[in-house]
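Next comes model-v2.cif, a file with mmCIF, C-alpha atoms.
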```cif
data_protein
loop_
_atom_site.label_atom_id
_atom_site.label_comp_id
_atom_site.auth_asym_id
_atom_site.auth_seq_id
_atom_site.Cartn_x
_atom_site.Cartn_y
_atom_site.Cartn_z
CA MET A 16 56.71 0.61 83.20
CA LEU A 17 58.19 0.47 79.69
CA THR A 18 56.65 -2.98 79.16
CA LEU A 19 53.25 -1.62 80.13
CA LEU A 20 53.65 1.30 77.69
CA VAL A 21 54.45 -1.12 74.86
CA LEU A 22 51.33 -3.12 75.77
CA VAL A 23 49.20 0.05 75.74
CA ILE A 24 50.52 1.04 72.29
CA ALA A 25 49.85 -2.46 70.95
CA VAL A 26 46.27 -2.46 72.26
CA ALA A 27 45.74 1.07 70.88
CA LEU A 28 46.73 -0.12 67.41
CA ILE A 29 44.43 -3.14 67.79
CA PHE A 30 41.62 -0.72 68.68
CA ASP A 31 42.50 1.33 65.59
CA TYR A 32 42.35 -1.83 63.45
CA ILE A 33 38.98 -2.79 64.95
CA ASN A 34 37.79 0.76 64.35
CA GLY A 35 38.72 0.33 60.68
CA PHE A 36 36.75 -2.83 60.00
CA HIS A 37 33.91 -1.75 62.32
CA ASP A 38 33.54 1.55 60.44
CA ALA A 39 34.36 0.34 56.91
CA ALA A 40 30.62 0.47 56.25
CA ASN A 41 30.60 4.22 56.88
CA ALA A 42 32.41 4.86 53.62
CA ILE A 43 31.28 2.02 51.39
CA ALA A 44 27.83 0.80 52.50
CA THR A 45 25.95 2.89 49.96
CA VAL A 46 28.36 2.37 47.06
CA VAL A 47 28.18 -1.41 47.63
CA SER A 48 24.42 -1.60 48.19
CA THR A 49 23.73 0.32 44.96
CA GLY A 50 26.02 -2.00 43.00
CA VAL A 51 28.47 0.72 41.91
CA LEU A 52 31.46 -1.24 43.25
CA PRO A 53 31.94 -4.80 44.50
CA VAL A 54 32.75 -5.12 48.19
CA ARG A 55 36.42 -6.04 47.73
CA THR A 56 37.17 -3.12 45.41
CA ALA A 57 35.25 -0.71 47.63
CA VAL A 58 37.07 -1.66 50.83
CA LEU A 59 40.50 -1.41 49.20
CA LEU A 60 39.67 2.04 47.85
CA ALA A 61 38.35 3.07 51.26
CA ALA A 62 41.48 1.73 52.98
CA ALA A 63 43.78 3.79 50.75
CA LEU A 64 41.77 6.96 51.36
CA ASP A 65 41.47 6.23 55.09
CA PHE A 66 45.27 6.17 55.25
CA THR A 67 45.55 9.41 53.27
CA GLY A 68 42.93 11.18 55.39
CA ALA A 69 44.70 10.13 58.58
CA LEU A 70 47.79 12.07 57.52
CA THR A 71 46.02 15.41 57.11
CA GLY A 72 46.10 16.73 60.69
CA THR A 73 46.27 16.07 64.41
CA ALA A 74 43.73 18.51 65.90
CA VAL A 75 41.41 15.70 67.03
CA ALA A 76 44.35 13.71 68.44
CA LYS A 77 45.38 16.68 70.58
CA THR A 78 41.84 16.91 71.95
CA ILE A 79 41.93 13.24 72.98
CA ALA A 80 45.47 13.49 74.41
CA ALA A 81 44.95 16.48 76.68
CA GLY A 82 41.37 17.67 76.41
CA PHE A 83 39.62 15.28 78.79
CA ALA A 84 42.11 14.57 81.57
CA ASP A 85 45.42 15.92 82.81
CA PRO A 86 48.12 13.50 81.58
CA LYS A 87 49.74 13.77 85.02
CA LEU A 88 46.63 12.14 86.51
CA VAL A 89 46.52 9.37 83.92
CA SER A 90 48.47 6.13 84.33
CA GLN A 91 49.24 3.44 81.75
CA VAL A 92 46.65 1.22 83.44
CA VAL A 93 44.02 3.95 82.92
CA VAL A 94 44.79 4.12 79.20
CA LEU A 95 44.86 0.31 78.89
CA SER A 96 41.51 0.03 80.68
CA ALA A 97 39.98 2.66 78.40
CA LEU A 98 41.16 0.80 75.32
CA CYS A 99 39.79 -2.51 76.63
CA GLY A 100 36.39 -0.94 77.29
CA ALA A 101 36.28 0.62 73.82
CA CYS A 102 37.36 -2.60 72.10
CA PHE A 103 34.66 -4.54 73.96
CA TRP A 104 31.89 -2.18 72.82
CA ASN A 105 33.17 -2.08 69.23
CA LEU A 106 33.29 -5.87 68.97
CA PHE A 107 29.92 -6.28 70.68
CA THR A 108 28.15 -3.88 68.32
CA TRP A 109 30.02 -5.25 65.28
CA TRP A 110 28.87 -8.78 66.10
CA PHE A 111 25.24 -7.69 66.17
CA GLY A 112 25.62 -5.40 63.12
CA ILE A 113 24.86 -2.21 65.06
CA PRO A 114 26.44 1.00 63.66
CA SER A 115 27.70 2.44 66.94
CA SER A 116 30.38 5.05 67.57
CA SER A 117 34.01 4.00 68.07
CA SER A 118 34.79 7.58 69.04
CA HIS A 119 32.23 7.77 71.82
CA ALA A 120 33.17 4.28 72.99
CA LEU A 121 36.78 5.43 73.42
CA ILE A 122 35.88 8.68 75.19
CA GLY A 123 33.29 6.98 77.41
CA SER A 124 35.87 4.34 78.31
CA LEU A 125 38.47 6.99 79.07
CA ALA A 126 35.98 8.71 81.40
CA GLY A 127 35.24 5.45 83.24
CA ALA A 128 38.91 4.57 83.71
CA VAL A 129 39.90 8.10 84.83
CA VAL A 130 37.04 8.17 87.36
CA ALA A 131 38.02 4.73 88.65
CA ARG A 132 41.53 6.00 89.41
CA GLY A 133 41.03 9.61 90.47
CA GLY A 134 37.34 10.12 91.17
CA PHE A 135 34.80 12.25 89.31
CA SER A 136 36.84 15.45 89.63
CA ALA A 137 39.74 13.92 87.68
CA PHE A 138 37.80 13.96 84.40
CA ASN A 139 37.02 17.14 82.45
CA TRP A 140 33.22 16.90 82.25
CA ALA A 141 32.94 20.34 80.68
CA ALA A 142 35.05 19.11 77.76
CA LEU A 143 32.87 16.00 77.52
CA GLN A 144 29.79 18.17 77.21
CA ARG A 145 31.39 20.61 74.74
CA LYS A 146 33.35 18.14 72.60
CA VAL A 147 31.15 15.02 72.78
CA LEU A 148 27.60 15.49 74.04
CA VAL A 149 26.82 18.63 72.03
CA PRO A 150 28.32 17.19 68.81
CA LEU A 151 26.45 13.94 69.58
CA ILE A 152 23.31 15.90 68.70
CA THR A 153 24.57 18.58 66.31
CA SER A 154 26.74 16.49 63.97
CA PRO A 155 24.05 13.90 63.07
CA ALA A 156 21.50 16.73 62.85
CA ALA A 157 23.80 18.57 60.43
CA GLY A 158 24.27 15.44 58.32
CA PHE A 159 20.51 14.79 58.30
CA PHE A 160 19.46 18.30 57.28
CA ILE A 161 22.26 18.78 54.74
CA ALA A 162 21.30 15.48 53.10
CA LEU A 163 17.58 16.30 53.28
CA SER A 164 18.07 19.76 51.75
CA LEU A 165 20.50 18.61 49.07
CA MET A 166 18.26 15.69 48.11
CA ILE A 167 15.19 17.93 47.79
CA ALA A 168 17.18 20.46 45.71
CA LEU A 169 18.55 17.78 43.36
CA THR A 170 15.13 16.17 42.97
CA TRP A 171 13.72 19.53 41.87
CA LEU A 172 16.64 20.36 39.55
CA LEU A 173 16.57 16.94 37.88
CA ARG A 174 12.80 16.58 37.76
CA ARG A 175 12.72 16.71 33.93
CA SER A 176 15.73 14.42 33.42
CA ARG A 177 15.37 10.82 32.38
CA ALA A 178 15.64 8.35 35.24
CA ALA A 179 18.25 6.29 33.37
CA THR A 180 20.44 9.36 32.83
CA VAL A 181 20.21 10.42 36.48
CA ASN A 182 21.02 6.89 37.58
CA ARG A 183 24.07 6.65 35.32
CA MET A 184 25.45 10.03 36.41
CA SER A 185 24.80 9.25 40.08
CA ARG A 186 26.68 5.97 39.90
CA ARG A 187 29.74 7.78 38.55
CA ALA A 188 29.41 10.53 41.16
CA GLN A 189 29.26 7.92 43.91
CA LEU A 190 32.88 7.01 43.24
CA ILE A 191 33.79 10.57 44.25
CA SER A 192 31.37 10.82 47.18
CA SER A 193 32.40 7.47 48.69
CA SER A 194 36.06 8.50 48.34
CA LEU A 195 35.25 11.76 50.16
CA MET A 196 33.58 9.81 52.95
CA ALA A 197 36.53 7.42 53.33
CA PHE A 198 38.98 10.33 53.37
CA ALA A 199 36.87 12.14 56.00
CA HIS A 200 36.68 8.99 58.12
CA GLY A 201 40.47 8.72 58.21
CA SER A 202 40.83 12.42 59.02
CA ASN A 203 38.77 12.02 62.20
CA ASP A 204 38.72 8.43 63.43
CA ALA A 205 42.40 7.54 63.01
CA GLN A 206 43.27 10.53 65.17
CA LYS A 207 41.51 9.04 68.20
CA SER A 208 44.13 6.30 68.47
CA MET A 209 46.87 8.85 67.78
CA GLY A 210 45.53 10.84 70.72
CA ILE A 211 45.30 7.89 73.09
CA ILE A 212 48.89 6.79 72.29
CA THR A 213 50.10 10.37 72.75
CA LEU A 214 48.27 10.45 76.09
CA ALA A 215 50.09 7.27 77.13
CA LEU A 216 53.42 8.83 76.10
CA LEU A 217 52.65 12.03 78.01
CA SER A 218 51.78 9.96 81.07
CA PHE A 219 55.05 8.06 80.63
CA VAL A 220 57.00 11.34 80.55
CA ALA A 221 55.08 12.75 83.53
CA SER A 222 55.98 9.69 85.59
CA GLY A 223 59.68 10.48 85.09
CA ASP A 224 60.39 7.56 82.75
CA GLY A 225 60.72 9.55 79.53
CA HIS A 226 64.51 9.04 79.48
CA HIS A 227 63.95 5.37 78.62
CA LEU A 228 62.82 6.33 75.11
CA PRO A 229 64.63 8.17 72.30
CA THR A 230 63.48 11.76 71.83
CA TRP A 231 61.98 11.09 68.37
CA MET A 232 59.43 8.78 69.98
CA LEU A 233 58.20 11.38 72.48
CA PRO A 234 55.66 14.17 71.93
CA LYS A 235 57.26 17.53 71.16
CA GLN A 236 56.14 20.48 73.24
CA SER A 237 55.47 23.89 71.69
CA GLY A 238 54.39 26.31 74.39
CA ALA A 239 51.41 24.75 76.16
CA GLN A 240 50.70 22.42 73.22
CA TRP A 241 51.98 18.91 72.61
CA GLY A 242 52.60 17.56 69.13
CA VAL A 243 51.81 14.02 67.98
CA PRO A 244 55.00 12.11 67.03
CA LEU A 245 55.26 11.24 63.33
CA TRP A 246 55.69 7.52 64.04
CA VAL A 247 52.36 7.55 65.91
CA VAL A 248 50.62 9.21 62.96
CA ILE A 249 51.96 6.66 60.47
CA ALA A 250 51.30 3.66 62.73
CA CYS A 251 47.69 4.67 63.38
CA ALA A 252 47.04 5.55 59.74
CA SER A 253 48.34 2.11 58.73
CA ALA A 254 46.33 0.26 61.39
CA ILE A 255 42.99 1.86 60.47
CA ALA A 256 43.67 1.33 56.76
CA LEU A 257 44.38 -2.37 57.32
CA GLY A 258 41.22 -2.66 59.41
CA THR A 259 39.16 -0.99 56.71
CA ALA A 260 40.61 -3.37 54.13
CA ALA A 261 39.32 -6.26 56.28
CA GLY A 262 35.78 -4.91 55.79
CA GLY A 263 32.70 -5.08 57.98
CA GLN A 264 29.90 -6.70 56.03
CA ARG A 265 27.48 -7.07 58.96
CA ILE A 266 27.23 -3.30 59.35
CA ILE A 267 27.35 -2.69 55.58
CA LYS A 268 24.09 -4.62 55.34
CA THR A 269 22.43 -2.54 58.10
CA MET A 270 23.50 0.82 56.70
CA GLY A 271 23.17 0.00 53.03
CA SER A 272 19.73 -1.59 53.00
CA LYS A 273 18.01 -1.88 56.37
CA ILE A 274 17.62 1.87 57.09
CA ILE A 275 16.24 2.63 53.61
CA ARG A 276 16.40 0.94 50.20
CA ILE A 277 18.94 3.31 48.76
CA SER A 278 19.42 4.48 45.14
CA PRO A 279 22.68 5.75 43.57
CA ILE A 280 21.68 9.42 43.80
CA GLN A 281 20.64 8.96 47.44
CA GLY A 282 23.94 7.23 48.18
CA CYS A 283 25.88 10.05 46.55
CA VAL A 284 24.04 12.72 48.55
CA ALA A 285 24.35 10.81 51.83
CA GLU A 286 28.09 10.28 51.44
CA THR A 287 28.69 13.89 50.42
CA SER A 288 26.68 15.25 53.35
CA GLY A 289 28.30 12.93 55.88
CA GLY A 290 31.80 13.52 54.52
CA LEU A 291 31.51 17.32 54.62
CA THR A 292 30.16 17.22 58.18
CA ILE A 293 33.06 15.04 59.36
CA LEU A 294 35.74 17.10 57.60
CA PHE A 295 34.43 20.27 59.22
CA ALA A 296 34.54 18.59 62.65
CA SER A 297 38.10 17.36 62.02
CA TRP A 298 39.15 20.91 61.15
CA LEU A 299 37.69 22.10 64.47
CA GLY A 300 39.41 19.29 66.40
CA ILE A 301 36.11 17.70 67.45
CA PRO A 302 36.08 13.88 67.74
CA VAL A 303 32.67 13.23 66.17
CA SER A 304 31.16 9.88 65.33
CA THR A 305 31.53 9.15 61.63
CA THR A 306 28.92 6.42 62.09
CA HIS A 307 26.38 8.89 63.44
CA CYS A 308 27.03 11.34 60.62
CA ILE A 309 26.59 8.88 57.75
CA SER A 310 23.65 7.07 59.40
CA ALA A 311 21.83 10.39 59.88
CA SER A 312 22.65 11.41 56.30
CA ILE A 313 21.14 8.18 55.00
CA MET A 314 18.01 8.89 57.06
CA GLY A 315 17.96 12.41 55.60
CA VAL A 316 17.94 11.28 51.97
CA GLY A 317 15.22 8.76 52.80
CA ALA A 318 13.09 11.38 54.53
CA ALA A 319 13.42 13.65 51.47
CA LYS A 320 11.47 11.07 49.48
CA ARG A 321 8.89 10.42 52.17
CA LEU A 322 9.05 9.82 55.91
CA SER A 323 7.77 6.26 55.51
CA ALA A 324 10.77 5.43 53.28
CA VAL A 325 12.95 5.31 56.41
CA ARG A 326 12.64 2.17 58.49
CA TRP A 327 12.29 4.07 61.75
CA GLY A 328 12.37 0.90 63.83
CA VAL A 329 15.91 0.13 62.64
CA ALA A 330 16.82 3.81 63.00
CA GLY A 331 15.49 3.74 66.58
CA ASN A 332 17.71 0.78 67.44
CA ILE A 333 20.71 2.67 66.07
CA VAL A 334 19.87 5.78 68.11
CA THR A 335 19.49 3.61 71.22
CA ALA A 336 23.04 2.31 70.64
CA TRP A 337 24.23 5.92 70.30
CA VAL A 338 22.77 6.82 73.69
CA LEU A 339 24.10 3.72 75.45
CA THR A 340 27.64 3.82 74.04
CA VAL A 341 29.22 6.30 76.48
CA PRO A 342 27.73 4.93 79.75
CA ILE A 343 28.20 1.23 78.91
CA SER A 344 31.77 1.59 77.63
CA GLY A 345 32.50 3.78 80.67
CA ALA A 346 31.14 1.14 83.04
CA VAL A 347 33.17 -1.62 81.34
CA SER A 348 36.40 0.38 81.53
CA PHE A 349 35.69 1.29 85.18
CA GLY A 350 35.53 -2.44 85.97
CA MET A 351 38.58 -3.14 83.81
CA TYR A 352 40.61 -0.56 85.71
CA ARG A 353 39.72 -2.17 89.05
CA LEU A 354 40.78 -5.57 87.68
CA LEU A 355 43.96 -4.44 85.95
CA ALA A 356 45.06 -2.21 88.86
CA TYR A 357 44.76 -5.24 91.15
CA LEU A 358 46.62 -7.54 88.73
CA PHE A 359 49.51 -5.15 88.11
CA ALA A 360 49.74 -4.31 91.81
CA THR A 361 50.06 -7.97 92.76
CA SER A 362 52.21 -9.11 89.84
#
```
Translate this file's structure into structure tokens.
Amino acid sequence: MLTLLVLVIAVALIFDYINGFHDAANAIATVVSTGVLPVRTAVLLAAALDFTGALTGTAVAKTIAAGFADPKLVSQVVVLSALCGACFWNLFTWWFGIPSSSSHALIGSLAGAVVARGGFSAFNWAALQRKVLVPLITSPAAGFFIALSLMIALTWLLRRSRAATVNRMSRRAQLISSSLMAFAHGSNDAQKSMGIITLALLSFVASGDGHHLPTWMLPKQSGAQWGVPLWVVIACASAIALGTAAGGQRIIKTMGSKIIRISPIQGCVAETSGGLTILFASWLGIPVSTTHCISASIMGVGAAKRLSAVRWGVAGNIVTAWVLTVPISGAVSFGMYRLLAYLFATS
């Protein structure tokens, strides 16, 4: 059982690393595509801020750990299957340069694995609706309309300014806005892996094997709430930062140039809008998709110029990936649970 827990933690950190390089584009696509920073410098800056953002709270991690399924009903094989399903979808969409959601892949995979073990009643579908499906619509919508409104307001305020002056100021401002976006990404996405590792630890304790680990490694209980161990926070923050440093140039190209041909001021507005939306969700403990938020914000700044400025065909492909993420990752993890349960039962 302890060996299986170690395997789960290792795969969770691999998922966190994949999440980092898959989502590196979220923070740096616009700052790279506008030429403000070279790719290498941008990813290193994003990695440092991803790590810092990951240390700012655990509200999202607690939602993942106990919000969707009772840890007593979750086994290590369930968690491992969920991680395998999420890793598959992340790598698949990364290979084809599709900005999909690591968050929704993980939650969809968790749903599939929990259902495979305990049936439909074992998963908290009300929490899925409240914490995932509603934010699936509202968080990108917020990013889109904040970016649209801010872009229109800035265009009006700067209408008499020289284009060269606006461009120079925007390029400087993009250093701040891209940093905000990277910080926000760490504050939300790194916590998903923290939550899944904490869930595995809670399951380990519920099975009666908690005495095999030192107390500092186990989640601390405060009333009805469980805390995320410090070592889990640091490990996940490090993994996502290293993944971000590895970059993700396939998706950078899609987000930085294929949705719209972006200018420095548009990049600044998109990053600011997406970053603020994500930080607000992190404060509420909602595991939103950082990819959805920044993609919608980029669409918003494009639409502020004119609707035809957005390549809606590319945007449509991205939205299709959003819709398919939860069911496909859930189906993959459902199959993985059947396979892994058989292998561990016969080994």
Output the residue selection produced by the PyMOL selection byres ((chain A and resi 303-305) around 9) on the file above, formatted as an mmCIF file with C-alpha atoms, keeping the file's coordinate frame.
```
data_model
loop_
_atom_site.group_PDB
_atom_site.id
_atom_site.type_symbol
_atom_site.label_atom_id
_atom_site.label_comp_id
_atom_site.auth_asym_id
_atom_site.auth_seq_id
_atom_site.Cartn_x
_atom_site.Cartn_y
_atom_site.Cartn_z
ATOM 1 C CA ASP A 38 33.540 1.550 60.440
ATOM 2 C CA ASN A 41 30.600 4.220 56.880
ATOM 3 C CA SER A 115 27.700 2.440 66.940
ATOM 4 C CA SER A 116 30.380 5.050 67.570
ATOM 5 C CA SER A 117 34.010 4.000 68.070
ATOM 6 C CA SER A 118 34.790 7.580 69.040
ATOM 7 C CA HIS A 119 32.230 7.770 71.820
ATOM 8 C CA LYS A 146 33.350 18.140 72.600
ATOM 9 C CA VAL A 147 31.150 15.020 72.780
ATOM 10 C CA PRO A 150 28.320 17.190 68.810
ATOM 11 C CA LEU A 151 26.450 13.940 69.580
ATOM 12 C CA SER A 154 26.740 16.490 63.970
ATOM 13 C CA PRO A 155 24.050 13.900 63.070
ATOM 14 C CA MET A 196 33.580 9.810 52.950
ATOM 15 C CA ALA A 199 36.870 12.140 56.000
ATOM 16 C CA HIS A 200 36.680 8.990 58.120
ATOM 17 C CA ASN A 203 38.770 12.020 62.200
ATOM 18 C CA ASP A 204 38.720 8.430 63.430
ATOM 19 C CA GLY A 289 28.300 12.930 55.880
ATOM 20 C CA GLY A 290 31.800 13.520 54.520
ATOM 21 C CA THR A 292 30.160 17.220 58.180
ATOM 22 C CA ILE A 293 33.060 15.040 59.360
ATOM 23 C CA ALA A 296 34.540 18.590 62.650
ATOM 24 C CA SER A 297 38.100 17.360 62.020
ATOM 25 C CA ILE A 301 36.110 17.700 67.450
ATOM 26 C CA PRO A 302 36.080 13.880 67.740
ATOM 27 C CA THR A 306 28.920 6.420 62.090
ATOM 28 C CA HIS A 307 26.380 8.890 63.440
ATOM 29 C CA CYS A 308 27.030 11.340 60.620
ATOM 30 C CA ILE A 309 26.590 8.880 57.750
ATOM 31 C CA SER A 310 23.650 7.070 59.400
#
```
>> So that I can check the surroundings of stretch 256-261 of chain A, please list as a PyMOL selection string every protein, DNA and RNA residue that reaches within 6 Å of it, counting all atoms listed in the file and ignoring chain neighbours fewer than 3 positions away.
In response: chain A and resi 32-33+35-36+39+58-59+62+65-66+253
Output the selection as a PDB file, in the coordinates of the input - C-alpha atoms for each residue.
```
ATOM      1  CA  TYR A  32      42.350  -1.830  63.450  1.00  0.00           C
ATOM      2  CA  ILE A  33      38.980  -2.790  64.950  1.00  0.00           C
ATOM      3  CA  GLY A  35      38.720   0.330  60.680  1.00  0.00           C
ATOM      4  CA  PHE A  36      36.750  -2.830  60.000  1.00  0.00           C
ATOM      5  CA  ALA A  39      34.360   0.340  56.910  1.00  0.00           C
ATOM      6  CA  VAL A  58      37.070  -1.660  50.830  1.00  0.00           C
ATOM      7  CA  LEU A  59      40.500  -1.410  49.200  1.00  0.00           C
ATOM      8  CA  ALA A  62      41.480   1.730  52.980  1.00  0.00           C
ATOM      9  CA  ASP A  65      41.470   6.230  55.090  1.00  0.00           C
ATOM     10  CA  PHE A  66      45.270   6.170  55.250  1.00  0.00           C
ATOM     11  CA  SER A 253      48.340   2.110  58.730  1.00  0.00           C
TER      12      SER A 253
END
```
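Distance-wise, atom CA of A:Phe295 and atom CA of A:Leu216 end up 27.9 Å apart.
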>> Assuming the chain letters and numbering stay as they are in my file, what does the PyMOL selection byres ((chain A and resi 138) around 12) actually select? List them as a ChimeraX atom specification.
In response: /A:81-89,93,122-137,139-144
>> Running the PyMOL selection byres ((chain A and resi 165-177) around 12) on this model by hand, what would come out? Give it as a ChimeraX atom specification.
In response: /A:157-164,178-185,278-289,312-321
> So which residues touch A:Gln91 within 8 Å, counting all atoms listed in the file, skipping near sequence neighbours fewer than 6 positions away, as a list in words?
Replying inline: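 Once the nearby chain positions are removed, what remains is Leu19, Leu20, Val23, Ala215, Ser218 and Phe219 of chain A.
The residue that comes closest to A:Cys99, out of A:Pro229, A:Gly112, A:Gly68, A:Gly345 and on the basis of only C-alpha atoms, is A:Gly345.
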> By how many Å are atom CA of A:Leu60 and atom CA of A:Arg187 apart?
Replying inline: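 Result for atom CA of A:Leu60 versus atom CA of A:Arg187: 14.8 Å, one decimal.
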> Quick one, how far is atom CA of A:Ala76 from atom CA of A:Gln206?
Replying inline: 4.7 Å
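The shortest atom-to-atom distance to A:Gln189, with all atoms listed in the file taken into account, belongs to A:Leu52 out of A:Ala25, A:Leu52, A:Met351, A:Ile79.
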>> So that I can check the surroundings of A:Phe359, please list as a list in words every protein, DNA and RNA residue that reaches within 10 Å of it, counting all atoms listed in the file and ignoring chain neighbours fewer than 3 positions away.
In response: Leu19, Val92, Leu354, Leu355, Ala356 and Ser362 of chain A
